file work.txt (compact mmCIF, C-alpha atoms)
# COMPACT_ATOMS: atom_id res chain seq x y z
CA TYR A 91 140.62 91.10 45.18
CA GLN A 92 138.86 90.32 48.42
CA ASN A 93 140.90 87.14 48.90
CA ARG A 94 144.02 88.49 50.64
CA PRO A 95 146.15 85.28 50.38
CA HIS A 96 145.38 85.01 46.66
CA ARG A 97 146.21 88.69 46.11
CA ALA A 98 149.53 88.33 47.96
CA LEU A 99 150.43 85.23 45.95
CA LEU A 100 149.61 87.02 42.69
CA GLU A 101 151.89 89.91 43.69
CA VAL A 102 154.75 87.47 44.31
CA TRP A 103 154.04 85.65 41.04
CA TRP A 104 153.87 88.81 38.91
CA THR A 105 157.00 90.24 40.51
CA SER A 106 158.81 86.97 39.88
CA ASN A 107 157.78 87.03 36.22
CA LEU A 108 158.95 90.62 35.79
CA LEU A 109 162.29 89.84 37.45
CA ARG A 110 162.76 86.80 35.21
CA ARG A 111 161.99 88.90 32.13
CA ALA A 112 164.48 91.59 33.20
CA ALA A 113 167.13 88.93 33.89
CA ARG A 114 166.61 87.32 30.47
CA ARG A 115 167.00 90.71 28.82
CA LEU A 116 170.22 91.44 30.74
CA PHE A 117 171.78 88.03 30.08
CA SER A 118 170.74 87.95 26.44
CA ALA A 119 172.49 91.30 25.90
CA PHE A 120 175.66 89.42 26.89
CA GLU A 121 174.70 86.37 24.77
CA MET A 122 174.49 84.22 27.87
CA SER A 123 171.86 82.47 29.96
CA GLU A 124 171.39 82.85 33.68
CA ALA A 125 172.43 79.21 34.15
CA GLN A 126 175.66 79.77 32.20
CA PHE A 127 176.36 82.89 34.27
CA ASN A 128 175.86 80.90 37.49
CA ILE A 129 178.34 78.24 36.36
CA MET A 130 180.90 80.89 35.46
CA LEU A 131 180.41 82.67 38.82
CA VAL A 132 181.02 79.44 40.69
CA LEU A 133 184.12 78.69 38.63
CA ARG A 134 185.43 82.20 39.24
CA ASP A 135 184.81 82.12 42.98
CA VAL A 136 186.08 78.63 43.88
CA SER A 137 189.71 77.83 44.36
CA GLY A 138 190.72 75.56 41.50
CA PRO A 139 188.73 73.69 38.88
CA MET A 140 185.54 71.76 39.62
CA THR A 141 184.08 68.61 38.15
CA GLN A 142 180.78 68.78 36.31
CA GLY A 143 179.31 66.63 39.09
CA GLY A 144 180.51 69.13 41.67
CA LEU A 145 178.92 71.98 39.72
CA SER A 146 175.70 69.99 39.45
CA ARG A 147 175.53 69.38 43.20
CA LEU A 148 176.44 72.95 44.10
CA LEU A 149 173.94 74.54 41.71
CA LEU A 150 171.21 71.93 42.34
CA VAL A 151 171.00 71.22 38.61
CA ASP A 152 170.84 67.85 36.90
CA GLU A 153 174.30 66.74 35.72
CA ALA A 154 173.04 66.29 32.15
CA ASN A 155 171.98 69.96 32.13
CA VAL A 156 175.40 71.01 33.43
CA THR A 157 177.04 69.01 30.64
CA GLY A 158 175.03 70.87 28.00
CA LEU A 159 175.77 74.24 29.59
CA VAL A 160 179.48 73.47 29.85
CA ASP A 161 179.47 72.28 26.22
CA ARG A 162 178.12 75.67 25.10
CA LEU A 163 180.53 77.59 27.34
CA GLU A 164 183.43 75.54 25.99
CA THR A 165 182.35 76.22 22.40
CA GLN A 166 182.41 79.94 23.24
CA ARG A 167 185.89 79.46 24.76
CA PHE A 168 184.75 80.67 28.19
CA VAL A 169 185.63 77.40 29.97
CA LYS A 170 187.94 74.49 29.35
CA ARG A 171 187.75 70.87 30.39
CA SER A 172 190.69 68.81 31.49
CA SER A 173 190.90 65.15 32.45
CA VAL A 174 190.81 64.14 36.10
CA PRO A 175 193.81 61.81 36.51
CA ALA A 176 192.16 59.66 39.18
CA ASP A 177 188.84 59.28 37.32
CA ARG A 178 188.73 58.82 33.56
CA ARG A 179 184.97 59.50 33.50
CA SER A 180 185.27 62.97 35.06
CA TYR A 181 186.52 66.30 33.80
CA HIS A 182 187.65 69.36 35.63
CA VAL A 183 186.03 72.55 34.37
CA SER A 184 187.77 75.90 34.75
CA LEU A 185 187.41 79.40 33.38
CA THR A 186 189.61 80.54 30.54
CA PRO A 187 191.02 84.09 30.62
CA LEU A 188 188.29 85.06 28.12
CA GLY A 189 185.69 83.49 30.41
CA ARG A 190 187.02 85.40 33.41
CA LYS A 191 186.73 88.69 31.49
CA LYS A 192 183.20 87.82 30.40
CA VAL A 193 181.96 86.84 33.86
CA ASP A 194 183.58 89.89 35.48
CA LEU A 195 181.93 92.20 32.94
CA LEU A 196 178.53 90.54 33.28
CA ASP A 197 178.78 90.38 37.07
CA LYS A 198 179.39 94.13 37.18
CA ALA A 199 176.32 94.78 34.98
CA TYR A 200 174.25 92.28 36.99
CA ARG A 201 175.16 93.87 40.35
CA ALA A 202 174.33 97.32 38.98
CA LYS A 203 170.88 96.09 37.86
CA VAL A 204 170.24 94.42 41.21
CA GLN A 205 171.17 97.66 42.96
CA GLN A 206 168.90 99.63 40.64
CA VAL A 207 165.91 97.32 41.20
CA MET A 208 166.38 96.97 44.95
CA SER A 209 166.88 100.71 45.47
CA ALA A 210 163.08 100.94 45.44
CA LEU A 211 163.24 99.46 48.97
CA THR A 212 165.06 100.70 52.04
CA ALA A 213 167.67 98.45 53.65
CA THR A 214 165.13 97.57 56.35
CA GLN A 215 162.51 96.71 53.73
CA GLN A 216 165.03 94.56 51.89
CA GLN A 217 165.72 92.64 55.11
CA GLU A 218 162.01 92.25 55.74
CA LEU A 219 161.42 91.04 52.17
CA THR A 220 164.18 88.46 52.59
CA ARG A 221 162.62 87.29 55.86
CA LEU A 222 159.12 87.06 54.37
CA MET A 223 160.29 85.18 51.27
CA GLY A 224 162.01 82.65 53.54
CA ILE A 225 158.77 82.13 55.43
CA LEU A 226 156.86 81.76 52.16
CA ARG A 227 159.36 79.17 50.85
CA THR A 228 159.05 77.20 54.10
CA GLY A 229 155.27 77.29 53.81
CA LEU A 230 155.49 76.09 50.24
CA ALA A 231 157.80 73.23 51.22
CA ASP A 232 155.55 72.29 54.16
CA SER A 233 152.42 72.36 51.98
CA GLY A 234 153.41 69.17 50.16
CA LEU A 235 152.93 70.88 46.80
CA LEU A 236 156.59 70.36 45.91
CA ALA A 237 156.60 66.61 46.52
call {"tool": "encode", "arguments": {"input": "work.txt", "output": "structure tokens"}}
result
Amino acid sequence: YQNRPHRALLEVWWTSNLLRRAARRLFSAFEMSEAQFNIMLVLRDVSGPMTQGGLSRLLLVDEANVTGLVDRLETQRFVKRSSVPADRRSYHVSLTPLGRKKVDLLDKAYRAKVQQVMSALTATQQQELTRLMGILRTGLADSGLLA
């Protein structure tokens, strides 16, 4: 390609697709989605239970989507809901012991895969990639294409 901006964008796009494919393969091996994993990570790493609304705001996901994800996690016995005494419309969501085991196991596998993929770059290159992706995201936001 003679068009350097287009070539650079294609490289980002293809890499993103390959990373998404690898992530789907990893998560599906654990019978879980990336979104479910993210919910379980948050629940593991916060102190105390969270409401579905709190999860929604933290993960920048629509509350209806969080409800569906929590429903599936509850069916699998990875999370449990409990009533919020001060608000009858809300539920606290927390990990069950089975959920904690599952997220710990998957997190270990996930971190190993991240390490494996990112080992293609030096620490300096990883920092530079992070910096460049931030600039690209800012440019995308400033372009008005996201509005």
call {"tool": "atom_distance", "arguments": {"input": "work.txt", "atom1": "atom CA of A:His182", "atom2": "atom CA of A:Met140"}}
result
5.1 Å
call {"tool": "atom_distance", "arguments": {"input": "work.txt", "atom1": "atom CA of A:Asp177", "atom2": "atom CA of A:Val151"}}
result
21.5 Å
call {"tool": "closest_residue", "arguments": {"input": "work.txt", "among": "A:Arg171, A:Arg179, A:Lys191, A:Lys198", "to": "A:Pro139", "atoms": "all atoms listed in the file"}}
result
A:Arg171
call {"tool": "atom_distance", "arguments": {"input": "work.txt", "atom1": "atom CA of A:Gly224", "atom2": "atom CA of A:Val132"}}
result
23.2 Å
call {"tool": "axis_aligned_box", "arguments": {"input": "work.txt", "around": "stretch 131-134 of chain A", "padding_each_side": "8 Å", "output": "AutoDock Vina command-line options"}}
result
--center_x 182.9 --center_y 80.7 --center_z 39.7 --size_x 21.0 --size_y 20.0 --size_z 18.1
call {"tool": "residues_near_point", "arguments": {"input": "work.txt", "point": "(180.2, 69.7, 41.8)", "cutoff": "12 Å", "atoms": "only C-alpha atoms", "output": "VMD selection string"}}
result
chain A and resid 129 132 to 133 136 139 to 153 156 to 157 180 to 183
call {"tool": "closest_residue", "arguments": {"input": "work.txt", "among": "A:Ser233, A:Gln166, A:Ser106, A:Thr220", "to": "A:Gln126", "atoms": "all atoms listed in the file"}}
result
A:Gln166
call {"tool": "closest_residue", "arguments": {"input": "work.txt", "among": "A:Ser172, A:Thr212, A:Thr105, A:Asn128", "to": "A:Leu196", "atoms": "all atoms listed in the file"}}
result
A:Asn128
call {"tool": "residues_around", "arguments": {"input": "work.txt", "residues": "stretch 114-121 of chain A", "least_positions_apart": "6", "cutoff": "9 Å", "atoms": "all atoms listed in the file", "output": "list in words"}}
result
Phe127, Lys192, Leu196, Ala199, Tyr200 and Lys203 of chain A
